[in-house]
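Peer 1: Below you'll find the structure I mean.
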Amino acid sequence: MRAKRSERRGQEETDPKTVKELRIGVVDTMFARFDMGASARAELESCSGFGESFTVISRTVPGFKDLAVAAMNMIQKDGCSIVVALGMPGSAPIDKQCAHEASQGIMQAQLMTATPILEVFVHEDESDDPQVLAKVFDDRSRKHARKRVLDAVRPRPVEPSSGSGCSPGFR
Amino acid sequence: MRAKRSERRGQEETDPKTVKELRIGVVDTMFARFDMGASARAELESCSGFGESFTVISRTVPGFKDLAVAAMNMIQKDGCSIVVALGMPGSAPIDKQCAHEASQGIMQAQLMTATPILEVFVHEDESDDPQVLAKVFDDRSRKHARKRVLDAVRPRPVEPSSGSGCSPGFR
Amino acid sequence: MRAKRSERRGQEETDPKTVKELRIGVVDTMFARFDMGASARAELESCSGFGESFTVISRTVPGFKDLAVAAMNMIQKDGCSIVVALGMPGSAPIDKQCAHEASQGIMQAQLMTATPILEVFVHEDESDDPQVLAKVFDDRSRKHARKRVLDAVRPRPVEPSSGSGCSPGFR
Amino acid sequence: MRAKRSERRGQEETDPKTVKELRIGVVDTMFARFDMGASARAELESCSGFGESFTVISRTVPGFKDLAVAAMNMIQKDGCSIVVALGMPGSAPIDKQCAHEASQGIMQAQLMTATPILEVFVHEDESDDPQVLAKVFDDRSRKHARKRVLDAVRPRPVEPSSGSGCSPGFR
Amino acid sequence: MRAKRSERRGQEETDPKTVKELRIGVVDTMFARFDMGASARAELESCSGFGESFTVISRTVPGFKDLAVAAMNMIQKDGCSIVVALGMPGSAPIDKQCAHEASQGIMQAQLMTATPILEVFVHEDESDDPQVLAKVFDDRSRKHARKRVLDAVRPRPVEPSSGSGCSPGFR
C-alpha cells in the first residue's frame, strides 16, 4: 500500500531513492484533435532529471470540462506536486463558454488543493492551417511542460529581498 | 441500513457479490422535451457488466439548475462513483445564462465531491428539425453514458510514463 | 430549545407528531412589485398534507442578492429541507448582471448545504402589461412552490433501474 | 481577551450591558469620490437604539475589490452580525468587470460566513451631475444602512405560516 | 523548524526581534513585459520600517493565472500577512477573459485565506506608447505596494464610531 503523501515527503529528505517520487501530472483530452499529452510527455522525458528527480503521471479524460476534477484527483490521490492540463476548445460560441467554465474549474481546483495546475489551451481558431495549428499544439504543450518541471524541480528560493535597490524597468 | 461508502468499498475487494455495488448515477430533468434519461439508461443496460459489475441509479429533477445539487447528493448519499447529468437548455438569452450558471454549479459539485459528473446538454437551438434534434438527444445521451461506464468500470491504469519516446502528432 | 435536525429527523420515523416538522422555506424580497411569497404560501397551504406532513417557514429580505444567504440560513438554522427563493430582477443591464450574481449565489448555497433551493425569478421585462405580469408572477410562484412540495413530501424512490428496456423518446 | 462570539451571544440574553455588543459593520473605500461611509454612519447614529442595542464598527479599504475580504474579517474577527459594504465603480468597461468580480466576492463572503453583507454600489455613470450623484450617494448609503439596522435589531420572527389564506397581489 | 503563524504572532508582542517577521508578499509574472515586481520591491524598501517592522518576500510565476495559488501559498506556507499580485493582461479578447478568471481566482484566494491580496493589473492596451506604459507600470506597482505597507504596518484602529455626527460629503 502506498504511504500517505506527507509520509513520502518526509522520506524524501533522508532517502535518495524516494526523491524519484516527485510527480508531475499530465492530463489531456480524448476530444482534442492533436495528441497534446504526447508532446508534453516527450518534452518532460527529455528534461534532465527525468526518471531520477521526477516522474510523470498521465491521464486522459473525455473533454476539457473533465480536466479540473481529474487534475484535482491526480494531486490528492496520485500525489502529483504539479499538473499540466491540456485541452483544445472549439471555435463556436458555446465552446468558448465551456472553455470559460473549464478554466474557472481549473482555477478553483488549484485553490482547493493549494497546488499549481497549468492550463494549456490551444483554441481551434488560432489558425486555419492544420500544419500551423499542429506546431502551436506541439510548441505550447512542450514549452509549458518544461517550464513546469523547472518550477517544480528547481524552485526559486523564497528569500526576503536584500534591499539592494535593483532598478526596475522593461525586461 | 446501508453501510457507509468506505465500508462497501472495502468489501468490494473481498466479496464478489458487492462488486455489483459500483453505481453510476443518471440525473435528468422534467422540463426537457426528450427523455434523455431513458436513452442513457438503455445504453448503460446494454453495456457488458450491467447488473454485475455496475448498477444504475436514476433521479429526475425539475430543471437543469437543479442538476448540480442532485448529482452531489447522488454521490454523497447514494454512493454513486460517477454521474451523468442530462439537460436541455432553451434558446432565449436568459436560458443561455441559466445554462452557464447550471454548468458552473456542476463544475463546482465535481470539485466539492472530487468525483466526475458528466454534463450532457443538448441546446434547443442545435436544430429546428424535431427529428434531427431527437437523434441528437438520443445519440449524445447514449454516447456519453457509455463512455462514463468505460471510464468507471475499466479505468485506464495510472502509470508513470515509460519514457519510450512516443512521437506526438494529430490523432 | 430546539433539537438538532438529525435528532428531529430520527424522531420522525417513530413519532407522528413530529412528522409535521418537515419544513419548506419561502423567501421573497421587499423590492419585488408583486407579493410572490403570498402566492407561494397560498399554493402550499392548499396542498394536501399542509400542517400535517409539512409546514411552511417564511422570510422577506430586501433585494434578490440577499436571497442566497437567507436561504442558507433557513436550511442551516431553521431546519428547512427545501427552500423556494422568489425574486424580480429589473430590466436594466446592471439588474441583469446582479441577477446573474444572485443566481450564482443561490447555486453555491445549494452546494454548500447539499439542499435544493429553487430559484423562481420573474424578469420585469417578461411583459409590458401589468396584468399579464401579475399572472406570470402568481402562476410561476404557485407552480414552483407546489412542485417543491411534491418533491419534498413524496420523493421518487431512488432505485437501481430494472433493466426493463423502456424505449426512449419525446415525452 | 474578547470572549468567543457564541459566548457573548449567550450573555446577551441575561446581561443588559452586553446587549450593546450587537455590531453593525460599515466598510467603504478610499477611492470613492464621496464619503459613503460617513453617510451610512450618520444614519445609523440617528437610528433609535444606537449606542444601546447596537454599535457601529467602521473600516476603509483601498478599492471596492478589497471590500469582500474586509467584510469577512469584520464578521469573523470583529464580531459584526451584519455588514454594509459601500463602493463606487467607475464607468469604463474594465471597471464594470471589476465591479462584477467584487460583487461575486461579496456574495461568496456572505455564504462563507452565513452572514448578510449588503452591497451598496453607486455607479459613476448613474448621473453626469455631481450634485445629483452626491444625493444618490447619500440617499442610498443612508437608506441601506437604516434598513440593515432594522433587519438586525428587530428581526421579523420566523414563524410557520398560519394558513390564513392571505390573497396574493401587487403591493 | 518555523513556528506556526499563531505562535510567531504571539511572540511579536513580546520579542522585538520577531517584529521583523511581518511579511509582505510580492508575486509577479515572467510574461509581463515590465519588471513590476522590481518596482514594488524598490518602493517597499524605501518605506520606513523596512527590514525592521516588515520584510518582503518575492516570487515570480509564469503567467497571471498562476498568481492566485502562488499568493495563497505565500500566505499559508510563507507566512505573509498581505500579498501584492502584479500582472499584465494582453489586449486580445481571450486575454481579457483569462484576466477575468485570474481575478476571480485572486478574489477566491483572499476569501479562503481571510487575507488581503491586492491585484495590480496593468492592461497592455492602456497605452500605445511604451514610455507611457512603462510609467503606468512603475507608478501603479509602487503606489499599491506602498499603500499595502501602510495598511499592514499601521492598521487604522477598528473602533466603534463615536457618534460625533461627522457630516458626509465629497472628499
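Lettering and numbering for the C-alpha cells are positional, with chains as A, B, ... in the shown order, residues counted from 1 in each chain, and ligands counted from 1 in the shown order.
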Each residue of chain E with at least one atom at most 9 Å from chain A should appear once, together with its nearest atom pair and the corresponding distance in Å (one decimal); atoms considered: only C-alpha atoms; ordering: chain, then increasing residue number; output as a Markdown table.
Peer 2:
```
| residue | atom | partner | partner_atom | distance |
| --- | --- | --- | --- | --- |
| E:Arg23 | CA | A:Pro160 | CA | 8.7 |
| E:Ala32 | CA | A:Arg171 | CA | 8.6 |
| E:Arg33 | CA | A:Phe170 | CA | 6.0 |
| E:Phe34 | CA | A:Phe170 | CA | 4.1 |
| E:Asp35 | CA | A:Gly169 | CA | 5.6 |
| E:Met36 | CA | A:Pro168 | CA | 7.2 |
| E:Gly37 | CA | A:Pro168 | CA | 7.9 |
| E:Ala38 | CA | A:Pro168 | CA | 4.8 |
| E:Ser39 | CA | A:Pro168 | CA | 5.0 |
| E:Ala40 | CA | A:Pro168 | CA | 8.6 |
| E:Arg41 | CA | A:Ser161 | CA | 7.6 |
| E:Ala42 | CA | A:Gly165 | CA | 6.0 |
| E:Glu45 | CA | A:Gly163 | CA | 5.9 |
| E:Ser46 | CA | A:Gly163 | CA | 8.8 |
| E:Phe50 | CA | A:Gly163 | CA | 8.7 |
| E:Gly51 | CA | A:Gly163 | CA | 8.4 |
| E:Thr55 | CA | A:Pro160 | CA | 6.3 |
| E:Val56 | CA | A:Pro160 | CA | 5.2 |
| E:Ile57 | CA | A:Pro160 | CA | 4.6 |
| E:Ser58 | CA | A:Val158 | CA | 6.3 |
| E:Arg59 | CA | A:Val158 | CA | 6.6 |
| E:Thr60 | CA | A:Arg156 | CA | 8.4 |
| E:Val61 | CA | A:Asp151 | CA | 8.5 |
| E:Pro62 | CA | A:Lys147 | CA | 8.0 |
| E:Lys65 | CA | A:Met107 | CA | 7.8 |
| E:Asp66 | CA | A:Pro116 | CA | 7.1 |
| E:Ala68 | CA | A:Leu111 | CA | 7.5 |
| E:Val69 | CA | A:Leu111 | CA | 5.7 |
| E:Ala70 | CA | A:Pro116 | CA | 7.8 |
| E:Met72 | CA | A:Ala114 | CA | 7.1 |
| E:Asn73 | CA | A:Ala114 | CA | 6.7 |
| E:Asp78 | CA | A:Val158 | CA | 8.3 |
| E:Gln97 | CA | A:His100 | CA | 7.6 |
| E:Cys98 | CA | A:Ser103 | CA | 8.3 |
| E:Glu101 | CA | A:Gln104 | CA | 6.1 |
| E:Ala102 | CA | A:Met107 | CA | 7.7 |
| E:Gln104 | CA | A:Gln104 | CA | 8.2 |
| E:Gly105 | CA | A:Met107 | CA | 6.1 |
| E:Gln108 | CA | A:Leu111 | CA | 8.0 |
| E:Ala109 | CA | A:Leu111 | CA | 6.7 |
| E:Met112 | CA | A:Leu111 | CA | 8.3 |
| E:Ala134 | CA | A:Phe170 | CA | 7.3 |
| E:Phe137 | CA | A:Gly169 | CA | 9.0 |
| E:Asp138 | CA | A:Pro168 | CA | 7.6 |
```
Peer 1: Deliver the residues from the most recent selection as a file, using N, CA and C atoms, as a CSV table (one decimal), in the first residue's frame.
Peer 2:
```csv
chain,number,residue,atom,x,y,z
E,23,ARG,N,5.5,40.0,7.2
E,23,ARG,CA,5.9,39.7,5.9
E,23,ARG,C,4.9,40.2,4.8
E,32,ALA,N,5.1,39.2,-18.0
E,32,ALA,CA,4.9,40.7,-18.1
E,32,ALA,C,6.1,41.3,-18.8
E,33,ARG,N,5.8,42.3,-19.6
E,33,ARG,CA,6.9,42.9,-20.4
E,33,ARG,C,7.8,43.9,-19.5
E,34,PHE,N,7.2,44.2,-18.3
E,34,PHE,CA,7.9,45.2,-17.4
E,34,PHE,C,8.1,44.4,-16.1
E,35,ASP,N,9.2,44.7,-15.4
E,35,ASP,CA,9.5,44.0,-14.2
E,35,ASP,C,8.8,44.8,-13.0
E,36,MET,N,7.5,44.5,-13.0
E,36,MET,CA,6.6,45.1,-12.0
E,36,MET,C,7.1,44.8,-10.5
E,37,GLY,N,7.5,43.6,-10.3
E,37,GLY,CA,8.0,43.1,-9.0
E,37,GLY,C,9.1,44.0,-8.5
E,38,ALA,N,10.0,44.4,-9.4
E,38,ALA,CA,11.2,45.2,-9.0
E,38,ALA,C,10.7,46.6,-8.6
E,39,SER,N,9.7,47.1,-9.3
E,39,SER,CA,9.2,48.4,-8.9
E,39,SER,C,8.6,48.3,-7.5
E,40,ALA,N,7.8,47.3,-7.3
E,40,ALA,CA,7.1,47.1,-6.0
E,40,ALA,C,8.1,47.0,-4.9
E,41,ARG,N,9.1,46.2,-5.1
E,41,ARG,CA,10.1,45.9,-4.1
E,41,ARG,C,10.9,47.2,-3.8
E,42,ALA,N,11.3,47.9,-4.8
E,42,ALA,CA,12.1,49.1,-4.6
E,42,ALA,C,11.3,50.1,-3.8
E,45,GLU,N,11.1,48.9,-0.2
E,45,GLU,CA,12.4,49.0,0.5
E,45,GLU,C,12.6,50.5,0.9
E,46,SER,N,11.9,51.4,0.3
E,46,SER,CA,12.1,52.8,0.6
E,46,SER,C,11.1,53.3,1.7
E,50,PHE,N,11.2,49.3,6.8
E,50,PHE,CA,11.6,48.1,6.0
E,50,PHE,C,12.8,47.5,6.7
E,51,GLY,N,12.8,46.2,6.8
E,51,GLY,CA,13.9,45.5,7.5
E,51,GLY,C,13.8,45.5,9.0
E,55,THR,N,9.4,42.7,6.4
E,55,THR,CA,10.3,42.3,5.4
E,55,THR,C,9.4,42.0,4.1
E,56,VAL,N,10.1,41.7,3.0
E,56,VAL,CA,9.4,41.5,1.8
E,56,VAL,C,9.8,40.1,1.2
E,57,ILE,N,8.8,39.3,0.8
E,57,ILE,CA,9.1,38.0,0.2
E,57,ILE,C,8.6,38.1,-1.2
E,58,SER,N,9.4,37.5,-2.1
E,58,SER,CA,9.1,37.6,-3.6
E,58,SER,C,9.0,36.3,-4.2
E,59,ARG,N,8.1,36.2,-5.2
E,59,ARG,CA,8.0,35.0,-6.1
E,59,ARG,C,7.7,35.5,-7.5
E,60,THR,N,8.1,34.7,-8.5
E,60,THR,CA,7.7,35.0,-9.8
E,60,THR,C,7.1,33.7,-10.4
E,61,VAL,N,5.9,33.9,-11.0
E,61,VAL,CA,5.2,32.7,-11.6
E,61,VAL,C,5.2,32.9,-13.1
E,62,PRO,N,4.9,31.9,-13.9
E,62,PRO,CA,4.9,32.0,-15.3
E,62,PRO,C,3.8,33.1,-15.8
E,65,LYS,N,-2.5,33.8,-14.5
E,65,LYS,CA,-3.4,32.8,-14.0
E,65,LYS,C,-2.7,32.0,-12.9
E,66,ASP,N,-1.4,32.1,-12.7
E,66,ASP,CA,-0.7,31.4,-11.7
E,66,ASP,C,-0.6,32.2,-10.4
E,68,ALA,N,-3.0,33.5,-8.3
E,68,ALA,CA,-3.9,33.2,-7.2
E,68,ALA,C,-3.3,32.1,-6.3
E,69,VAL,N,-2.9,31.0,-6.8
E,69,VAL,CA,-2.5,29.9,-6.0
E,69,VAL,C,-1.1,30.2,-5.4
E,70,ALA,N,-0.3,31.0,-6.1
E,70,ALA,CA,1.0,31.4,-5.6
E,70,ALA,C,0.8,32.3,-4.4
E,72,MET,N,-1.8,32.5,-2.5
E,72,MET,CA,-2.3,31.6,-1.4
E,72,MET,C,-1.2,30.9,-0.6
E,73,ASN,N,-0.3,30.4,-1.4
E,73,ASN,CA,0.8,29.7,-0.7
E,73,ASN,C,1.8,30.6,0.0
E,78,ASP,N,4.4,30.6,3.6
E,78,ASP,CA,5.5,31.5,3.8
E,78,ASP,C,5.1,32.6,4.9
E,97,GLN,N,-10.6,37.5,-21.1
E,97,GLN,CA,-11.3,36.5,-20.4
E,97,GLN,C,-10.4,35.8,-19.4
E,98,CYS,N,-9.2,35.6,-19.8
E,98,CYS,CA,-8.2,35.0,-18.8
E,98,CYS,C,-8.0,35.9,-17.6
E,101,GLU,N,-10.8,35.5,-15.2
E,101,GLU,CA,-10.6,34.2,-14.5
E,101,GLU,C,-9.5,34.3,-13.4
E,102,ALA,N,-8.5,35.0,-13.8
E,102,ALA,CA,-7.4,35.2,-12.8
E,102,ALA,C,-7.8,36.1,-11.6
E,104,GLN,N,-11.0,36.4,-10.6
E,104,GLN,CA,-11.9,35.6,-9.8
E,104,GLN,C,-11.1,34.7,-8.8
E,105,GLY,N,-10.0,34.2,-9.3
E,105,GLY,CA,-9.2,33.3,-8.5
E,105,GLY,C,-8.5,34.1,-7.4
E,108,GLN,N,-11.1,34.7,-4.8
E,108,GLN,CA,-11.4,33.5,-4.0
E,108,GLN,C,-10.2,33.2,-3.0
E,109,ALA,N,-9.0,33.4,-3.5
E,109,ALA,CA,-7.9,33.1,-2.6
E,109,ALA,C,-7.9,34.0,-1.4
E,112,MET,N,-10.6,32.5,0.9
E,112,MET,CA,-10.2,31.2,1.5
E,112,MET,C,-9.1,31.4,2.6
E,134,ALA,N,5.3,52.2,-19.5
E,134,ALA,CA,6.4,51.9,-18.5
E,134,ALA,C,6.1,52.7,-17.2
E,137,PHE,N,3.2,51.2,-15.4
E,137,PHE,CA,3.6,50.0,-14.7
E,137,PHE,C,4.3,50.4,-13.4
E,138,ASP,N,5.3,51.3,-13.5
E,138,ASP,CA,6.1,51.7,-12.4
E,138,ASP,C,5.3,52.3,-11.3
```
Peer 1: Using the chain letters and numbers from this document, which residues of segment 87-138 of chain E does DSSP assign to helix (DSSP H, G or I), as a PyMOL selection string?
Peer 2: chain E and resi 93-113+124-126+130-138
Peer 1: Write out the residues from the selection above, keeping N, CA and C atoms, as an mmCIF file, in the first residue's frame.
Peer 2:
```cif
data_model
loop_
_atom_site.group_PDB
_atom_site.id
_atom_site.type_symbol
_atom_site.label_atom_id
_atom_site.label_comp_id
_atom_site.auth_asym_id
_atom_site.auth_seq_id
_atom_site.Cartn_x
_atom_site.Cartn_y
_atom_site.Cartn_z
ATOM 1 N N PRO E 93 -9.216 39.453 -26.966
ATOM 2 C CA PRO E 93 -10.392 39.042 -26.172
ATOM 3 C C PRO E 93 -10.098 37.860 -25.251
ATOM 4 N N ILE E 94 -9.338 36.882 -25.732
ATOM 5 C CA ILE E 94 -9.048 35.730 -24.882
ATOM 6 C C ILE E 94 -8.214 36.151 -23.666
ATOM 7 N N ASP E 95 -7.351 37.134 -23.848
ATOM 8 C CA ASP E 95 -6.558 37.636 -22.711
ATOM 9 C C ASP E 95 -7.461 38.286 -21.668
ATOM 10 N N LYS E 96 -8.469 38.981 -22.159
ATOM 11 C CA LYS E 96 -9.377 39.653 -21.221
ATOM 12 C C LYS E 96 -10.183 38.627 -20.422
ATOM 13 N N GLN E 97 -10.564 37.549 -21.114
ATOM 14 C CA GLN E 97 -11.301 36.514 -20.383
ATOM 15 C C GLN E 97 -10.393 35.823 -19.357
ATOM 16 N N CYS E 98 -9.154 35.576 -19.754
ATOM 17 C CA CYS E 98 -8.204 34.967 -18.813
ATOM 18 C C CYS E 98 -7.968 35.887 -17.620
ATOM 19 N N ALA E 99 -7.917 37.195 -17.866
ATOM 20 C CA ALA E 99 -7.712 38.152 -16.771
ATOM 21 C C ALA E 99 -8.890 38.088 -15.805
ATOM 22 N N HIS E 100 -10.087 37.929 -16.358
ATOM 23 C CA HIS E 100 -11.291 37.809 -15.526
ATOM 24 C C HIS E 100 -11.187 36.558 -14.644
ATOM 25 N N GLU E 101 -10.770 35.452 -15.243
ATOM 26 C CA GLU E 101 -10.625 34.202 -14.484
ATOM 27 C C GLU E 101 -9.533 34.338 -13.417
ATOM 28 N N ALA E 102 -8.453 35.012 -13.776
ATOM 29 C CA ALA E 102 -7.365 35.228 -12.812
ATOM 30 C C ALA E 102 -7.845 36.082 -11.647
ATOM 31 N N SER E 103 -8.645 37.106 -11.960
ATOM 32 C CA SER E 103 -9.168 37.997 -10.916
ATOM 33 C C SER E 103 -10.126 37.261 -9.990
ATOM 34 N N GLN E 104 -10.974 36.418 -10.583
ATOM 35 C CA GLN E 104 -11.890 35.633 -9.757
ATOM 36 C C GLN E 104 -11.097 34.714 -8.824
ATOM 37 N N GLY E 105 -9.994 34.166 -9.322
ATOM 38 C CA GLY E 105 -9.161 33.294 -8.501
ATOM 39 C C GLY E 105 -8.500 34.065 -7.360
ATOM 40 N N ILE E 106 -8.054 35.277 -7.656
ATOM 41 C CA ILE E 106 -7.417 36.103 -6.616
ATOM 42 C C ILE E 106 -8.456 36.483 -5.558
ATOM 43 N N MET E 107 -9.673 36.787 -5.996
ATOM 44 C CA MET E 107 -10.758 37.097 -5.054
ATOM 45 C C MET E 107 -11.023 35.895 -4.138
ATOM 46 N N GLN E 108 -11.099 34.715 -4.762
ATOM 47 C CA GLN E 108 -11.380 33.498 -4.002
ATOM 48 C C GLN E 108 -10.239 33.160 -3.035
ATOM 49 N N ALA E 109 -9.025 33.378 -3.462
ATOM 50 C CA ALA E 109 -7.864 33.100 -2.598
ATOM 51 C C ALA E 109 -7.889 34.011 -1.374
ATOM 52 N N GLN E 110 -8.324 35.250 -1.555
ATOM 53 C CA GLN E 110 -8.454 36.174 -0.425
ATOM 54 C C GLN E 110 -9.446 35.628 0.603
ATOM 55 N N LEU E 111 -10.583 35.154 0.082
ATOM 56 C CA LEU E 111 -11.639 34.700 0.987
ATOM 57 C C LEU E 111 -11.249 33.391 1.671
ATOM 58 N N MET E 112 -10.556 32.508 0.933
ATOM 59 C CA MET E 112 -10.154 31.229 1.520
ATOM 60 C C MET E 112 -9.074 31.412 2.585
ATOM 61 N N THR E 113 -8.293 32.475 2.485
ATOM 62 C CA THR E 113 -7.236 32.726 3.477
ATOM 63 C C THR E 113 -7.627 33.841 4.446
ATOM 64 N N GLU E 124 -2.319 45.816 -21.194
ATOM 65 C CA GLU E 124 -1.436 46.167 -22.303
ATOM 66 C C GLU E 124 -2.009 47.303 -23.152
ATOM 67 N N ASP E 125 -3.342 47.347 -23.229
ATOM 68 C CA ASP E 125 -3.943 48.353 -24.115
ATOM 69 C C ASP E 125 -4.242 49.671 -23.393
ATOM 70 N N GLU E 126 -3.652 49.879 -22.233
ATOM 71 C CA GLU E 126 -3.864 51.165 -21.563
ATOM 72 C C GLU E 126 -3.130 52.285 -22.278
ATOM 73 N N PRO E 130 5.148 52.939 -25.399
ATOM 74 C CA PRO E 130 5.865 52.124 -24.415
ATOM 75 C C PRO E 130 6.359 52.937 -23.216
ATOM 76 N N GLN E 131 6.715 54.200 -23.474
ATOM 77 C CA GLN E 131 7.221 55.026 -22.365
ATOM 78 C C GLN E 131 6.108 55.359 -21.376
ATOM 79 N N VAL E 132 4.936 55.674 -21.931
ATOM 80 C CA VAL E 132 3.783 55.942 -21.072
ATOM 81 C C VAL E 132 3.436 54.684 -20.281
ATOM 82 N N LEU E 133 3.424 53.557 -21.007
ATOM 83 C CA LEU E 133 3.073 52.292 -20.367
ATOM 84 C C LEU E 133 4.073 51.952 -19.248
ATOM 85 N N ALA E 134 5.338 52.189 -19.509
ATOM 86 C CA ALA E 134 6.368 51.901 -18.506
ATOM 87 C C ALA E 134 6.118 52.725 -17.244
ATOM 88 N N LYS E 135 5.713 53.972 -17.466
ATOM 89 C CA LYS E 135 5.433 54.833 -16.312
ATOM 90 C C LYS E 135 4.202 54.327 -15.536
ATOM 91 N N VAL E 136 3.189 53.864 -16.294
ATOM 92 C CA VAL E 136 1.993 53.307 -15.644
ATOM 93 C C VAL E 136 2.382 52.090 -14.797
ATOM 94 N N PHE E 137 3.193 51.215 -15.405
ATOM 95 C CA PHE E 137 3.640 50.017 -14.680
ATOM 96 C C PHE E 137 4.335 50.406 -13.381
ATOM 97 N N ASP E 138 5.297 51.288 -13.525
ATOM 98 C CA ASP E 138 6.123 51.654 -12.378
ATOM 99 C C ASP E 138 5.277 52.349 -11.306
#
```
Peer 1: Measure the distance from atom CA of Met74 of chain C to atom CA of Leu44 of chain C in Å and round it to one decimal.
Peer 2: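 Here the two named atoms are 17.1 Å from each other.
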Peer 1: Write down as a PyMOL selection string the residues belonging to segment 89-154 of chain A that are assigned strand (DSSP E or B) by DSSP computed on the backbone.
Peer 2: chain A and resi 117-121
Peer 1: Could you write out the selected residues, including all heavy atoms, as a PDB file, in the first residue's frame?
Peer 2:
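Once written, part.pdb looks like this:
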```pdb
ATOM      1  N   ILE A 117      -1.848  24.109 -11.105  1.00  0.00           N
ATOM      2  CA  ILE A 117      -2.305  23.333 -12.264  1.00  0.00           C
ATOM      3  C   ILE A 117      -2.168  24.281 -13.443  1.00  0.00           C
ATOM      4  O   ILE A 117      -2.800  25.330 -13.467  1.00  0.00           O
ATOM      5  CB  ILE A 117      -3.776  22.908 -12.121  1.00  0.00           C
ATOM      6  CG1 ILE A 117      -3.978  22.057 -10.859  1.00  0.00           C
ATOM      7  CG2 ILE A 117      -4.245  22.145 -13.363  1.00  0.00           C
ATOM      8  CD1 ILE A 117      -5.451  21.792 -10.522  1.00  0.00           C
ATOM      9  N   LEU A 118      -1.326  23.927 -14.396  1.00  0.00           N
ATOM     10  CA  LEU A 118      -1.136  24.821 -15.533  1.00  0.00           C
ATOM     11  C   LEU A 118      -2.122  24.481 -16.635  1.00  0.00           C
ATOM     12  O   LEU A 118      -2.092  23.382 -17.191  1.00  0.00           O
ATOM     13  CB  LEU A 118       0.285  24.708 -16.076  1.00  0.00           C
ATOM     14  CG  LEU A 118       0.552  25.678 -17.227  1.00  0.00           C
ATOM     15  CD1 LEU A 118       0.482  27.110 -16.746  1.00  0.00           C
ATOM     16  CD2 LEU A 118       1.877  25.392 -17.871  1.00  0.00           C
ATOM     17  N   GLU A 119      -2.983  25.424 -16.934  1.00  0.00           N
ATOM     18  CA  GLU A 119      -3.925  25.241 -18.037  1.00  0.00           C
ATOM     19  C   GLU A 119      -3.226  25.590 -19.347  1.00  0.00           C
ATOM     20  O   GLU A 119      -2.745  26.709 -19.508  1.00  0.00           O
ATOM     21  CB  GLU A 119      -5.121  26.165 -17.792  1.00  0.00           C
ATOM     22  CG  GLU A 119      -6.114  26.201 -18.928  1.00  0.00           C
ATOM     23  CD  GLU A 119      -6.966  27.470 -18.866  1.00  0.00           C
ATOM     24  OE1 GLU A 119      -7.588  27.724 -17.829  1.00  0.00           O
ATOM     25  OE2 GLU A 119      -6.966  28.212 -19.871  1.00  0.00           O
ATOM     26  N   VAL A 120      -3.153  24.623 -20.251  1.00  0.00           N
ATOM     27  CA  VAL A 120      -2.598  24.889 -21.580  1.00  0.00           C
ATOM     28  C   VAL A 120      -3.692  24.609 -22.594  1.00  0.00           C
ATOM     29  O   VAL A 120      -3.969  23.457 -22.934  1.00  0.00           O
ATOM     30  CB  VAL A 120      -1.369  23.999 -21.876  1.00  0.00           C
ATOM     31  CG1 VAL A 120      -0.750  24.373 -23.221  1.00  0.00           C
ATOM     32  CG2 VAL A 120      -0.345  24.103 -20.763  1.00  0.00           C
ATOM     33  N   PHE A 121      -4.345  25.652 -23.040  1.00  0.00           N
ATOM     34  CA  PHE A 121      -5.419  25.501 -24.018  1.00  0.00           C
ATOM     35  C   PHE A 121      -4.934  26.031 -25.365  1.00  0.00           C
ATOM     36  O   PHE A 121      -4.330  27.105 -25.438  1.00  0.00           O
ATOM     37  CB  PHE A 121      -6.659  26.293 -23.589  1.00  0.00           C
ATOM     38  CG  PHE A 121      -7.521  25.604 -22.560  1.00  0.00           C
ATOM     39  CD1 PHE A 121      -7.159  24.392 -21.997  1.00  0.00           C
ATOM     40  CD2 PHE A 121      -8.723  26.180 -22.151  1.00  0.00           C
ATOM     41  CE1 PHE A 121      -7.965  23.754 -21.039  1.00  0.00           C
ATOM     42  CE2 PHE A 121      -9.531  25.558 -21.201  1.00  0.00           C
ATOM     43  CZ  PHE A 121      -9.151  24.345 -20.641  1.00  0.00           C
TER      44      PHE A 121
END
```
